[in-house]
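*Asks:* File follows, coords.tsv with TSV, C-alpha atoms:
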chain	number	residue	atom	x	y	z
A	1	MET	CA	77.56	99.05	106.71
A	2	ARG	CA	79.10	95.58	106.77
A	3	MET	CA	80.70	96.08	103.37
A	4	ASN	CA	82.18	99.42	104.49
A	5	THR	CA	83.61	97.80	107.61
A	6	ASN	CA	85.18	95.04	105.55
A	7	ILE	CA	86.81	97.50	103.21
A	8	VAL	CA	88.26	99.43	106.14
A	9	LEU	CA	89.64	96.21	107.63
A	10	LEU	CA	91.24	95.25	104.34
A	11	PHE	CA	92.92	98.62	104.10
A	12	CYS	CA	94.13	98.15	107.69
A	13	ALA	CA	95.81	94.93	106.61
A	14	LEU	CA	98.35	97.01	104.74
A	15	PHE	CA	99.82	97.87	108.11
A	16	PHE	CA	100.33	94.22	109.02
A	17	LEU	CA	101.70	92.70	105.79
A	18	SER	CA	104.65	92.65	104.69
A	19	ALA	CA	108.08	95.59	106.52
A	20	CYS	CA	120.97	120.67	108.48
A	21	THR	CA	121.00	117.84	105.70
A	22	SER	CA	124.29	117.12	104.00
A	23	LYS	CA	124.71	115.79	100.49
A	24	PRO	CA	123.70	112.12	100.47
A	25	SER	CA	126.28	109.49	99.71
A	26	SER	CA	125.69	107.22	96.74
A	27	SER	CA	123.27	104.50	97.78
A	28	VAL	CA	124.07	100.87	97.03
A	29	THR	CA	121.20	98.72	95.82
A	30	ILE	CA	121.78	95.12	96.87
A	31	GLU	CA	120.51	92.88	94.10
A	32	ASP	CA	119.24	89.44	95.10
A	33	ASP	CA	121.76	87.55	92.95
A	34	THR	CA	124.85	89.39	94.22
A	35	LEU	CA	124.44	88.98	97.96
A	36	PRO	CA	127.14	87.22	99.96
A	37	VAL	CA	125.85	83.90	101.27
A	38	GLU	CA	126.00	83.05	104.95
A	39	GLU	CA	127.45	79.62	105.80
A	40	THR	CA	124.22	78.58	107.45
A	41	PHE	CA	122.02	79.47	104.44
A	42	LYS	CA	119.28	76.84	104.27
A	43	ASP	CA	115.95	76.18	102.65
A	44	ILE	CA	112.93	75.79	104.97
A	45	ASP	CA	110.26	73.55	103.43
A	46	LEU	CA	107.17	75.14	104.95
A	47	ALA	CA	104.84	74.08	102.14
A	48	ASN	CA	105.11	70.39	103.07
A	49	ASN	CA	104.69	71.03	106.78
A	50	LEU	CA	101.34	72.82	106.82
A	51	LYS	CA	99.68	70.27	109.05
A	52	ASP	CA	98.87	70.65	112.71
A	53	CYS	CA	101.44	68.71	114.76
A	54	GLY	CA	98.93	67.89	117.51
A	55	LYS	CA	101.22	69.13	120.29
A	56	PRO	CA	100.36	71.87	122.79
A	57	LEU	CA	101.50	75.34	121.71
A	58	LEU	CA	103.20	76.66	124.85
A	59	LEU	CA	104.91	79.91	125.67
A	60	SER	CA	107.61	78.05	127.63
A	61	ASP	CA	108.89	76.60	124.33
A	62	ILE	CA	110.30	79.99	123.35
A	63	VAL	CA	110.40	81.99	126.63
A	64	LYS	CA	112.91	81.34	129.41
A	65	ASP	CA	111.86	83.90	132.05
A	66	VAL	CA	109.57	86.80	132.92
A	67	GLU	CA	110.34	89.96	134.87
A	68	TYR	CA	107.78	92.38	136.33
A	69	VAL	CA	108.33	96.13	136.51
A	70	LYS	CA	105.81	98.27	138.42
A	71	LEU	CA	106.01	101.77	136.97
A	72	GLU	CA	106.12	104.57	139.51
A	73	THR	CA	102.94	106.66	139.64
A	74	GLN	CA	103.09	110.47	139.80
A	75	ASP	CA	100.34	113.01	139.17
A	76	ASN	CA	102.16	114.41	136.13
A	77	ILE	CA	103.30	110.99	134.87
A	78	LEU	CA	100.18	108.98	134.09
A	79	VAL	CA	101.05	106.41	131.47
A	80	GLY	CA	97.60	105.42	130.24
A	81	ASP	CA	97.29	103.65	126.88
A	82	ILE	CA	100.79	102.59	125.80
A	83	LYS	CA	101.43	103.13	122.10
A	84	GLN	CA	105.07	102.01	122.13
A	85	LEU	CA	107.59	100.63	124.59
A	86	LYS	CA	111.34	100.04	124.35
A	87	ARG	CA	113.73	98.51	126.83
A	88	THR	CA	117.50	98.63	127.22
A	89	GLU	CA	119.65	96.93	129.83
A	90	LYS	CA	119.07	99.76	132.33
A	91	PHE	CA	115.97	101.65	131.20
A	92	VAL	CA	112.38	101.40	129.99
A	93	PHE	CA	111.00	103.98	127.54
A	94	ILE	CA	107.28	104.51	126.90
A	95	TYR	CA	105.19	106.67	124.63
A	96	SER	CA	101.48	106.79	125.47
A	97	ARG	CA	98.42	108.69	124.32
A	98	ASN	CA	98.46	110.75	127.54
A	99	GLN	CA	101.88	112.29	126.90
A	100	ASN	CA	103.62	114.40	124.25
A	101	HIS	CA	106.98	113.06	125.37
A	102	VAL	CA	108.77	109.75	125.66
A	103	MET	CA	108.81	108.74	129.34
A	104	MET	CA	111.99	107.22	130.76
A	105	PHE	CA	112.01	104.82	133.73
A	106	ASP	CA	114.75	102.64	135.15
A	107	THR	CA	114.21	98.88	135.26
A	108	SER	CA	112.99	99.07	138.86
A	109	GLY	CA	110.11	101.28	137.63
A	110	LYS	CA	111.41	104.59	139.01
A	111	PHE	CA	110.58	107.57	136.80
A	112	ILE	CA	113.72	109.33	135.50
A	113	ARG	CA	112.67	112.06	133.07
A	114	LYS	CA	110.67	113.03	130.01
A	115	ILE	CA	112.43	112.96	126.64
A	116	GLY	CA	111.58	115.45	123.89
A	117	HIS	CA	110.83	119.16	123.58
A	118	VAL	CA	107.26	119.95	122.54
A	119	GLY	CA	106.84	122.55	119.79
A	120	GLN	CA	107.33	123.20	116.10
A	121	GLY	CA	110.73	124.84	116.16
A	122	PRO	CA	114.21	123.39	115.64
A	123	GLY	CA	114.82	120.48	118.01
A	124	GLU	CA	111.13	120.26	118.94
A	125	VAL	CA	108.45	117.67	118.15
A	126	THR	CA	104.67	117.38	118.21
A	127	ASN	CA	102.46	114.35	117.60
A	128	ILE	CA	105.02	111.58	118.02
A	129	ASN	CA	104.62	108.76	115.50
A	130	PHE	CA	107.14	106.35	117.04
A	131	PHE	CA	110.63	106.28	118.55
A	132	THR	CA	113.70	104.11	118.98
A	133	VAL	CA	116.69	104.14	121.31
A	134	SER	CA	120.41	103.42	121.48
A	135	ASP	CA	122.60	103.19	124.58
A	136	SER	CA	122.52	106.96	125.11
A	137	LEU	CA	120.17	108.50	122.53
A	138	VAL	CA	116.43	108.62	121.88
A	139	PHE	CA	115.35	108.98	118.22
A	140	ILE	CA	111.83	110.38	117.75
A	141	TYR	CA	110.01	110.15	114.42
A	142	PRO	CA	107.26	112.79	114.54
A	143	PHE	CA	104.20	113.24	112.36
A	144	SER	CA	105.05	116.92	112.11
A	145	ARG	CA	108.27	116.38	110.12
A	146	ASN	CA	107.81	113.09	108.32
A	147	GLY	CA	111.02	111.75	106.86
A	148	SER	CA	113.35	112.83	109.65
A	149	LEU	CA	114.36	111.79	113.15
A	150	THR	CA	114.76	114.21	116.04
A	151	VAL	CA	117.49	112.97	118.36
A	152	TYR	CA	117.87	113.67	122.09
A	153	ASP	CA	120.45	112.71	124.67
A	154	MET	CA	118.63	110.53	127.22
A	155	ARG	CA	121.01	111.63	129.99
A	156	ASP	CA	119.73	115.22	130.10
A	157	ASN	CA	117.04	115.53	127.38
A	158	SER	CA	119.25	117.86	125.36
A	159	PHE	CA	118.63	118.13	121.63
A	160	VAL	CA	121.41	116.49	119.61
A	161	LYS	CA	120.52	116.67	115.91
A	162	GLU	CA	118.02	116.04	113.14
A	163	ILE	CA	118.54	113.03	110.87
A	164	PRO	CA	116.76	113.22	107.49
A	165	LEU	CA	115.89	109.85	105.96
A	166	LYS	CA	115.55	109.09	102.26
A	167	TRP	CA	112.28	107.19	102.62
A	168	PRO	CA	109.27	107.60	104.93
A	169	VAL	CA	108.69	104.98	107.65
A	170	PHE	CA	104.90	105.05	107.87
A	171	PHE	CA	104.09	101.35	107.68
A	172	SER	CA	106.51	99.51	109.96
A	173	ARG	CA	107.11	102.25	112.54
A	174	VAL	CA	110.41	100.46	113.22
A	175	ILE	CA	113.98	101.74	113.10
A	176	ASP	CA	116.84	99.65	114.48
A	177	VAL	CA	120.00	101.27	115.81
A	178	MET	CA	123.09	99.12	115.21
A	179	GLY	CA	126.31	100.80	116.24
A	180	ASP	CA	126.88	103.72	113.88
A	181	CYS	CA	124.06	102.91	111.47
A	182	LEU	CA	120.28	102.88	111.29
A	183	VAL	CA	118.14	100.17	109.66
A	184	TYR	CA	114.57	100.86	108.61
A	185	TYR	CA	111.90	99.14	106.53
A	186	PRO	CA	110.05	101.46	104.11
A	187	GLY	CA	107.79	98.98	102.25
A	188	THR	CA	105.95	100.45	99.26
A	189	VAL	CA	107.33	103.89	98.40
A	190	TYR	CA	107.03	106.50	95.67
A	191	SER	CA	110.17	107.57	93.83
A	192	PRO	CA	110.73	111.23	92.84
A	193	ASP	CA	109.22	110.49	89.39
A	194	ASN	CA	106.06	109.27	91.17
A	195	SER	CA	106.68	105.64	90.21
A	196	LYS	CA	106.31	102.98	92.91
A	197	THR	CA	108.77	100.43	94.19
A	198	PHE	CA	109.15	98.21	97.24
A	199	ILE	CA	112.08	98.38	99.66
A	200	SER	CA	112.49	95.60	102.23
A	201	ALA	CA	115.27	97.31	104.19
A	202	CYS	CA	117.39	100.44	104.06
A	203	VAL	CA	120.68	100.96	105.92
A	204	ALA	CA	121.71	104.56	106.65
A	205	ASN	CA	124.64	106.15	108.43
A	206	GLY	CA	124.39	108.54	111.37
A	207	LYS	CA	123.65	111.43	109.00
A	208	GLY	CA	120.77	109.59	107.38
A	209	GLU	CA	122.68	108.98	104.16
A	210	THR	CA	121.67	105.72	102.50
A	211	LEU	CA	124.38	103.07	102.47
A	212	MET	CA	122.46	100.02	101.20
A	213	GLU	CA	118.95	99.03	100.18
A	214	GLN	CA	117.40	95.59	99.81
A	215	ILE	CA	115.00	95.82	96.86
A	216	PRO	CA	113.32	92.57	95.75
A	217	TYR	CA	112.71	92.18	92.03
A	218	LEU	CA	109.35	93.37	90.76
A	219	SER	CA	108.19	93.51	87.17
A	220	SER	CA	107.04	96.84	85.79
A	221	GLY	CA	103.45	95.60	86.07
A	222	ASP	CA	103.90	94.60	89.72
A	223	LYS	CA	105.41	97.98	90.54
A	224	GLU	CA	102.27	99.68	89.24
A	225	ILE	CA	99.92	97.71	91.50
A	226	VAL	CA	102.05	97.00	94.59
A	227	GLN	CA	100.34	98.13	97.81
A	228	LEU	CA	102.23	96.07	100.39
A	229	SER	CA	103.16	97.35	103.80
A	230	SER	CA	106.61	96.82	105.30
A	231	ASP	CA	108.13	93.36	105.61
A	232	PRO	CA	108.31	91.65	109.03
A	233	SER	CA	111.56	92.50	110.82
A	234	TRP	CA	113.20	91.52	114.10
A	235	LEU	CA	116.39	91.83	116.10
A	236	TYR	CA	118.43	88.82	117.11
A	237	ARG	CA	121.68	89.14	119.07
A	238	GLY	CA	121.98	92.79	118.12
A	239	ARG	CA	121.55	92.22	114.38
A	240	SER	CA	118.59	93.27	112.26
A	241	ASN	CA	116.73	90.73	110.14
A	242	VAL	CA	113.91	91.02	107.64
A	243	TYR	CA	111.61	88.52	105.92
A	244	SER	CA	110.93	89.43	102.29
A	245	PHE	CA	107.25	88.88	101.54
A	246	ILE	CA	108.01	89.04	97.82
A	247	ASN	CA	110.82	86.48	97.54
A	248	ASP	CA	110.32	84.58	100.86
A	249	THR	CA	113.93	85.07	101.92
A	250	ILE	CA	115.21	85.96	105.38
A	251	TYR	CA	118.04	88.51	105.22
A	252	GLY	CA	120.53	89.35	107.94
A	253	ILE	CA	121.58	92.99	108.08
A	254	THR	CA	124.73	94.65	109.39
A	255	CYS	CA	126.18	98.11	108.81
A	256	ASP	CA	128.32	96.59	106.04
A	257	SER	CA	126.13	94.04	104.28
A	258	ILE	CA	122.71	92.56	103.62
A	259	PHE	CA	122.87	88.81	103.10
A	260	PRO	CA	120.43	85.87	102.78
A	261	ARG	CA	120.18	83.47	105.72
A	262	TYR	CA	117.18	81.28	104.92
A	263	HIS	CA	114.65	80.75	102.14
A	264	LEU	CA	111.09	79.56	102.81
A	265	SER	CA	109.72	77.19	100.17
A	266	LEU	CA	105.98	77.84	99.97
A	267	GLY	CA	105.22	75.96	96.74
A	268	LYS	CA	101.68	76.51	95.50
A	269	TYR	CA	100.89	78.46	98.66
A	270	LYS	CA	103.11	81.38	97.69
A	271	LEU	CA	101.29	84.57	96.74
A	272	PRO	CA	101.90	84.89	92.97
A	273	SER	CA	103.28	88.00	91.33
A	274	GLY	CA	100.57	90.26	90.01
A	275	ARG	CA	98.58	89.96	93.24
A	276	TYR	CA	100.33	92.51	95.43
A	277	ASP	CA	97.31	94.71	96.14
A	278	PRO	CA	95.32	93.34	99.12
A	279	THR	CA	92.70	96.09	98.87
A	280	HIS	CA	91.36	94.60	95.62
A	281	ASP	CA	92.07	90.89	96.12
A	282	TYR	CA	89.68	88.75	98.18
A	283	GLY	CA	91.53	85.51	97.36
A	284	TRP	CA	94.57	86.02	99.58
A	285	GLY	CA	93.31	83.36	101.99
A	286	ASP	CA	94.65	80.66	99.65
A	287	PHE	CA	98.25	81.69	100.31
A	288	VAL	CA	100.74	81.90	103.18
A	289	LEU	CA	100.74	85.49	104.46
A	290	MET	CA	103.66	85.96	106.86
A	291	GLN	CA	102.89	88.24	109.80
A	292	SER	CA	105.92	88.05	112.04
A	293	VAL	CA	109.11	86.12	112.78
A	294	TYR	CA	110.84	85.57	116.13
A	295	GLU	CA	114.21	83.99	116.69
A	296	THR	CA	116.07	82.19	119.45
A	297	LYS	CA	119.34	80.27	119.45
A	298	GLU	CA	117.54	77.03	118.58
A	299	PHE	CA	114.46	78.09	116.63
A	300	LEU	CA	112.86	80.35	114.09
A	301	PHE	CA	109.22	80.93	115.01
A	302	PHE	CA	106.77	82.04	112.32
A	303	LYS	CA	103.30	83.49	112.67
A	304	PHE	CA	101.24	83.64	109.48
A	305	TRP	CA	97.76	83.51	107.98
A	306	PHE	CA	96.83	80.65	105.65
A	307	ASP	CA	93.56	79.07	104.53
A	308	LYS	CA	91.72	81.78	106.51
A	309	LYS	CA	93.27	80.52	109.74
A	310	LEU	CA	96.03	81.58	112.10
A	311	TRP	CA	99.17	79.43	111.98
A	312	PHE	CA	102.37	79.17	113.97
A	313	SER	CA	105.40	77.18	112.76
A	314	ARG	CA	108.61	76.43	114.62
A	315	TYR	CA	111.77	75.58	112.68
A	316	ASP	CA	114.58	73.80	114.54
A	317	LYS	CA	117.86	75.27	113.27
A	318	LYS	CA	119.86	72.15	114.14
A	319	THR	CA	117.57	69.30	113.05
A	320	GLU	CA	115.63	71.31	110.41
A	321	LYS	CA	112.40	69.82	111.76
A	322	ILE	CA	109.24	71.92	111.45
A	323	ASP	CA	106.27	71.78	113.82
A	324	SER	CA	103.12	73.68	112.87
A	325	TRP	CA	99.97	74.66	114.73
A	326	GLU	CA	96.66	75.51	113.05
A	327	GLN	CA	94.11	77.69	114.84
A	328	THR	CA	90.54	78.43	113.80
A	329	PRO	CA	89.98	82.17	114.34
A	330	PHE	CA	87.38	83.54	116.71
A	331	LYS	CA	86.82	86.37	114.26
A	332	ALA	CA	87.95	87.01	110.69
A	333	VAL	CA	87.01	89.01	107.60
A	334	HIS	CA	87.89	87.18	104.37
A	335	TRP	CA	91.59	86.28	104.85
A	336	TYR	CA	92.18	88.88	107.56
A	337	ILE	CA	92.39	87.25	111.02
A	338	LEU	CA	91.05	89.49	113.77
A	339	ASP	CA	91.24	87.15	116.78
A	340	ALA	CA	92.36	83.58	117.52
A	341	PRO	CA	93.40	81.44	120.52
A	342	GLY	CA	97.13	82.21	120.31
A	343	ILE	CA	99.96	80.67	122.36
A	344	THR	CA	99.07	79.23	125.76
A	345	ASN	CA	100.84	81.12	128.53
A	346	ASP	CA	102.23	78.43	130.81
A	347	ILE	CA	104.83	80.84	132.26
A	348	ASP	CA	102.55	82.87	134.57
A	349	GLY	CA	99.09	82.60	132.98
A	350	SER	CA	98.56	86.34	132.44
A	351	GLN	CA	97.09	85.95	128.94
A	352	SER	CA	97.56	83.95	125.76
A	353	PHE	CA	99.70	85.61	123.11
A	354	LYS	CA	98.81	86.19	119.48
A	355	ASP	CA	101.19	89.06	118.81
A	356	PHE	CA	104.71	89.72	120.04
A	357	TYR	CA	106.29	93.16	119.78
A	358	ASN	CA	110.01	92.92	120.42
A	359	VAL	CA	110.93	95.80	122.70
A	360	GLY	CA	114.68	95.14	122.87
A	361	GLU	CA	116.91	92.95	125.01
A	362	ASN	CA	115.39	89.95	123.16
A	363	CYS	CA	112.06	90.24	124.95
A	364	PHE	CA	108.45	91.27	124.45
A	365	HIS	CA	106.01	92.78	126.90
A	366	PHE	CA	102.47	92.77	128.27
A	367	ALA	CA	101.05	95.78	130.13
A	368	ILE	CA	98.73	95.16	133.08
A	369	THR	CA	96.54	98.18	133.83
A	370	PRO	CA	93.65	98.91	136.20
A	371	ASP	CA	91.36	98.34	133.21
A	372	ASN	CA	92.44	94.73	132.59
A	373	LEU	CA	93.44	93.93	136.18
A	374	ASP	CA	90.40	91.81	137.08
A	375	GLN	CA	90.63	89.69	133.92
A	376	VAL	CA	94.37	89.15	134.36
A	377	ARG	CA	93.84	88.12	137.99
A	378	ARG	CA	91.26	85.53	136.92
A	379	ASN	CA	93.57	84.24	134.19
A	380	VAL	CA	96.55	83.91	136.54
A	381	THR	CA	94.55	82.31	139.35
A	382	GLU	CA	93.06	79.64	137.07
A	383	ALA	CA	96.17	78.90	134.97
A	384	LYS	CA	98.29	75.76	135.16
A	385	VAL	CA	101.88	76.95	134.83
A	386	LYS	CA	105.41	75.58	134.83
A	387	PHE	CA	106.68	78.45	136.97
A	388	PRO	CA	104.42	78.69	140.05
A	389	GLU	CA	106.86	81.09	141.70
A	390	LYS	CA	106.27	83.56	138.85
A	391	GLN	CA	102.54	83.04	139.14
A	392	ALA	CA	102.72	83.86	142.87
A	393	GLU	CA	104.94	86.88	142.26
A	394	LEU	CA	102.53	88.28	139.68
A	395	LEU	CA	99.51	87.72	141.95
A	396	LYS	CA	101.26	89.73	144.65
A	397	PHE	CA	101.79	92.62	142.22
A	398	LEU	CA	98.13	92.43	141.17
A	399	ASP	CA	96.90	92.51	144.76
A	400	GLU	CA	98.94	95.65	145.44
A	401	MET	CA	97.75	97.55	142.36
A	402	GLY	CA	95.59	100.64	142.96
A	403	GLU	CA	92.84	101.94	140.70
A	404	ASP	CA	94.89	104.95	139.61
A	405	ASP	CA	98.28	103.24	139.40
A	406	ASN	CA	100.53	103.18	136.36
A	407	PRO	CA	100.85	99.80	134.61
A	408	ILE	CA	102.79	96.75	135.65
A	409	ILE	CA	104.95	95.68	132.71
A	410	ALA	CA	105.66	91.97	132.29
A	411	PHE	CA	108.79	91.38	130.21
A	412	TYR	CA	108.94	87.91	128.69
A	413	LYS	CA	112.51	87.01	127.74
A	414	LEU	CA	113.07	84.80	124.71
A	415	LYS	CA	115.47	81.90	124.94
A	416	ASP	CA	118.83	83.02	123.57
Do you think you could lay out the structure here as structure tokens?

*Replies:*
Amino acid sequence: MRMNTNIVLLFCALFFLSACTSKPSSSVTIEDDTLPVEETFKDIDLANNLKDCGKPLLLSDIVKDVEYVKLETQDNILVGDIKQLKRTEKFVFIYSRNQNHVMMFDTSGKFIRKIGHVGQGPGEVTNINFFTVSDSLVFIYPFSRNGSLTVYDMRDNSFVKEIPLKWPVFFSRVIDVMGDCLVYYPGTVYSPDNSKTFISACVANGKGETLMEQIPYLSSGDKEIVQLSSDPSWLYRGRSNVYSFINDTIYGITCDSIFPRYHLSLGKYKLPSGRYDPTHDYGWGDFVLMQSVYETKEFLFFKFWFDKKLWFSRYDKKTEKIDSWEQTPFKAVHWYILDAPGITNDIDGSQSFKDFYNVGENCFHFAITPDNLDQVRRNVTEAKVKFPEKQAELLKFLDEMGEDDNPIIAFYKLKD
């Protein structure tokens, strides 16, 4: 039984490592050696900074503020277990296990409408996989028609169009909307001839036609064995970015170009070529395995696994100094970290953070529900924080929460 559990967990790691049709336009493959170089392109020497700095790891180092939104509760709008959340300047969008639609609230928590038409006909969706939003549109990627987006106008829930995509988006479940283009992160994919390749990022126009692809070099032998999920990606100041697990380069992405911004030097701790199948390799713990990247005006913040431990590193863009934090996991299987202390929440004390999921507007969220209410209240009451006014505000929300209420969403805003 234990061996079976371990195998399942290793397969699950694929999801964490990395990120109407008209005739398609000719796609442009962006080779690594032909990319335009950004003025700020720099090398980040992570290999020689893998030592705990001895400082506290605090949320206030990267977060400037927190905002609480109490979602309105209605009998037919019970949020339940949130699978995905997105936020714009004016609205909050949620998909949960209790609903077959995307739910739309304003930023005061008032329910606005449901988005999506349930069914299997044109303009209808069932079994939502994930979604994304622009200023006026909601793009739903359903299980029922993998490879295409169903688009609705958020102002009246009217069906707008279907957008077929060249590659499936199973692993990352992320699509960024930038102006007139879409950016998505396929990961390992099968070509029409059934051969495999790896795509870090794909830029498509509003019809789904591929404009550019970032494809790191792989030998023919590596292509045969590659089983990597999508590369880590993030938005910063409205621009998409991706970290290439294969060549350790951070790329900036616009509708017109894909260009290198930084390179991470990992030295002997870089996963070698020929070892791109985590389901059959128990020695990955010897290498740096990047999980996610976050960005502010002053810092790049990396979360990764190394030496069978959880690590965070913060790179100062101006001074190029690197601080790293090493954490012994509470629970792990081989190199796969299941639980660890995380970042101390000295903003309001709600919980420590091990994972951030950027939900837009340069922020991430934490959902407080009746199920975790008592634990959150204990955490907040006992925490020593730098923002006692936020601690008091949150405690007031917690005291007012009923047993059948929809969640309170805490939005933690990254320093810009």

*Asks:* What gap, in Å, lies between CA of Thr132 (chain A) and CA of Phe299 (chain A)?

*Replies:*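 Those two atoms sit 26.1 Å apart.
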
*Asks:* Between A:Glu389, A:Arg261, A:Gly360, A:Gln120, which has the minimum distance to Val133 (chain A) (counting all atoms listed in the file)?

*Replies:*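 Once distances to Val133 (chain A) are computed over all atoms listed in the file, the minimum belongs to A:Gly360.
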
*Asks:* Counting all atoms listed in the file, what is within 7 Å of region 60-71 of chain A, bar same-chain residues fewer than 2 positions away, as a list of chain:residue names?

*Replies:*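 With the cut-off at 7 Å, the set is A:Leu58, A:Thr73, A:Thr107, A:Ser108, A:Gly109, A:Lys110, A:Asp346, A:Ile347, A:Asn406, A:Pro407, A:Ile408, A:Ile409, A:Ala410, A:Phe411, A:Tyr412, A:Lys413, A:Leu414, A:Lys415.
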
*Asks:* Quote the spacing between CA of Gln391 (chain A) and CA of Cys363 (chain A) in Å to one decimal place.

*Replies:*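 Separation of CA of Gln391 (chain A) and CA of Cys363 (chain A): 18.5 Å.
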
*Asks:* Please, what distance in Å, to one decimal, runs between CA of Asn157 (chain A) and CA of Val79 (chain A)?

*Replies:*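 These two atoms are separated by 18.9 Å.
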
*Asks:* Compare A:Tyr236, A:Tyr276, A:Phe287, A:Phe130 by their minimum atom-to-atom distance to Thr197 (chain A), counting all atoms listed in the file, and give me the closest one.

*Replies:*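 When distances to Thr197 (chain A) are compared using all atoms listed in the file, the smallest one comes from A:Tyr276.
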
*Asks:* Have a look at A:Thr328, A:Gln351, A:Ser292, A:Thr249 and name the one nearest to Ser313 (chain A); count all atoms listed in the file.

*Replies:* A:Ser292

*Asks:* Could you check which residues have any atom within 10 Å of (118.2, 75.0, 112.9), counting only C-alpha atoms with coordinates taken straight from the file, and then list them as a list in words?

*Replies:*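 It turns out the residues near that spot are Thr40, Lys42, Ile44, Thr296, Lys297, Glu298, Phe299, Leu300, Arg314, Tyr315, Asp316, Lys317, Lys318, Thr319, Glu320, Lys321 and Ile322 of chain A.
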
*Asks:* Which neighbours of Asp307 (chain A) fall inside 12 Å, counting all atoms listed in the file, when residues of the same chain fewer than 2 positions from it are skipped, and could you give them as a PDB file with C-alpha atoms, keeping the file's coordinate frame?

*Replies:*
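out-v1.pdb, written as the output of this step:
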ATOM      1  CA  LEU A  50     101.340  72.820 106.820  1.00  0.00           C
ATOM      2  CA  LYS A  51      99.680  70.270 109.050  1.00  0.00           C
ATOM      3  CA  TYR A 269     100.890  78.460  98.660  1.00  0.00           C
ATOM      4  CA  LYS A 270     103.110  81.380  97.690  1.00  0.00           C
ATOM      5  CA  GLY A 283      91.530  85.510  97.360  1.00  0.00           C
ATOM      6  CA  TRP A 284      94.570  86.020  99.580  1.00  0.00           C
ATOM      7  CA  GLY A 285      93.310  83.360 101.990  1.00  0.00           C
ATOM      8  CA  ASP A 286      94.650  80.660  99.650  1.00  0.00           C
ATOM      9  CA  PHE A 287      98.250  81.690 100.310  1.00  0.00           C
ATOM     10  CA  VAL A 288     100.740  81.900 103.180  1.00  0.00           C
ATOM     11  CA  LEU A 289     100.740  85.490 104.460  1.00  0.00           C
ATOM     12  CA  PHE A 304     101.240  83.640 109.480  1.00  0.00           C
ATOM     13  CA  TRP A 305      97.760  83.510 107.980  1.00  0.00           C
ATOM     14  CA  LYS A 309      93.270  80.520 109.740  1.00  0.00           C
ATOM     15  CA  LEU A 310      96.030  81.580 112.100  1.00  0.00           C
ATOM     16  CA  TRP A 311      99.170  79.430 111.980  1.00  0.00           C
ATOM     17  CA  GLU A 326      96.660  75.510 113.050  1.00  0.00           C
ATOM     18  CA  GLN A 327      94.110  77.690 114.840  1.00  0.00           C
ATOM     19  CA  THR A 328      90.540  78.430 113.800  1.00  0.00           C
ATOM     20  CA  PRO A 329      89.980  82.170 114.340  1.00  0.00           C
ATOM     21  CA  ALA A 332      87.950  87.010 110.690  1.00  0.00           C
ATOM     22  CA  HIS A 334      87.890  87.180 104.370  1.00  0.00           C
ATOM     23  CA  TRP A 335      91.590  86.280 104.850  1.00  0.00           C
ATOM     24  CA  TYR A 336      92.180  88.880 107.560  1.00  0.00           C
ATOM     25  CA  ILE A 337      92.390  87.250 111.020  1.00  0.00           C
TER      26      ILE A 337
END

*Asks:* Counting all atoms listed in the file, I want the residues whose atoms come within 12 Å of (122.3, 89.0, 107.3) in the file frame, returned as number ranges by chain.

*Replies:* A: 35-41, 201, 214, 233-243, 249-262

*Asks:* Would you mind telling me which residue in A:Asn49, A:Gln74, A:Asn345, A:Ser134 lies nearest to Ile175 (chain A) when using all atoms listed in the file?

*Replies:*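 Comparing A:Asn49, A:Gln74, A:Asn345, A:Ser134 against Ile175 (chain A), the winner is A:Ser134.
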
*Asks:* Of the candidates A:Phe353, A:Tyr95, A:Tyr184, A:Phe111, which one gets nearest to Pro142 (chain A) if we count all atoms listed in the file?

*Replies:*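 Smallest separation from Pro142 (chain A) among the options: A:Tyr95.
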
*Asks:* Excluding Val183 (chain A) and any residue of its chain fewer than 3 positions from it, enumerate the residues within 6 Å of it, using all atoms listed in the file, and give them as a ChimeraX atom specification.

*Replies:* /A:175-176,202-203

*Asks:* For the selection you just gave me, I'd like the residues written to a file as a PDB file, in the coordinates of the input, keeping C-alpha atoms.

*Replies:*
ATOM      1  CA  ILE A 175     113.980 101.740 113.100  1.00  0.00           C
ATOM      2  CA  ASP A 176     116.840  99.650 114.480  1.00  0.00           C
ATOM      3  CA  CYS A 202     117.390 100.440 104.060  1.00  0.00           C
ATOM      4  CA  VAL A 203     120.680 100.960 105.920  1.00  0.00           C
TER       5      VAL A 203
END

*Asks:* With distances taken over all atoms listed in the file, which of A:Asn76, A:Ser324, A:Asn98, A:Gln227 is nearest to Arg113 (chain A)?

*Replies:*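 Among the listed residues, A:Asn76 lies closest to Arg113 (chain A).
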
*Asks:* Could you put an axis-aligned box around every listed atom of region 347-359 of chain A, padded by 5 Å on each side, and send me its centre and edge lengths in Å to one decimal, as JSON?

*Replies:*
{"center_x": 104.0, "center_y": 88.3, "center_z": 126.7, "size_x": 23.8, "size_y": 25.0, "size_z": 25.8}

*Asks:* Would you list the contacts of Gly123 (chain A) as an MDAnalysis selection string, taking every protein, DNA or RNA residue within 10 Å and counting all atoms listed in the file, but skipping same-chain residues closer than 3 positions in sequence?

*Replies:* chainID A and resid 116:120 149:152 158:162
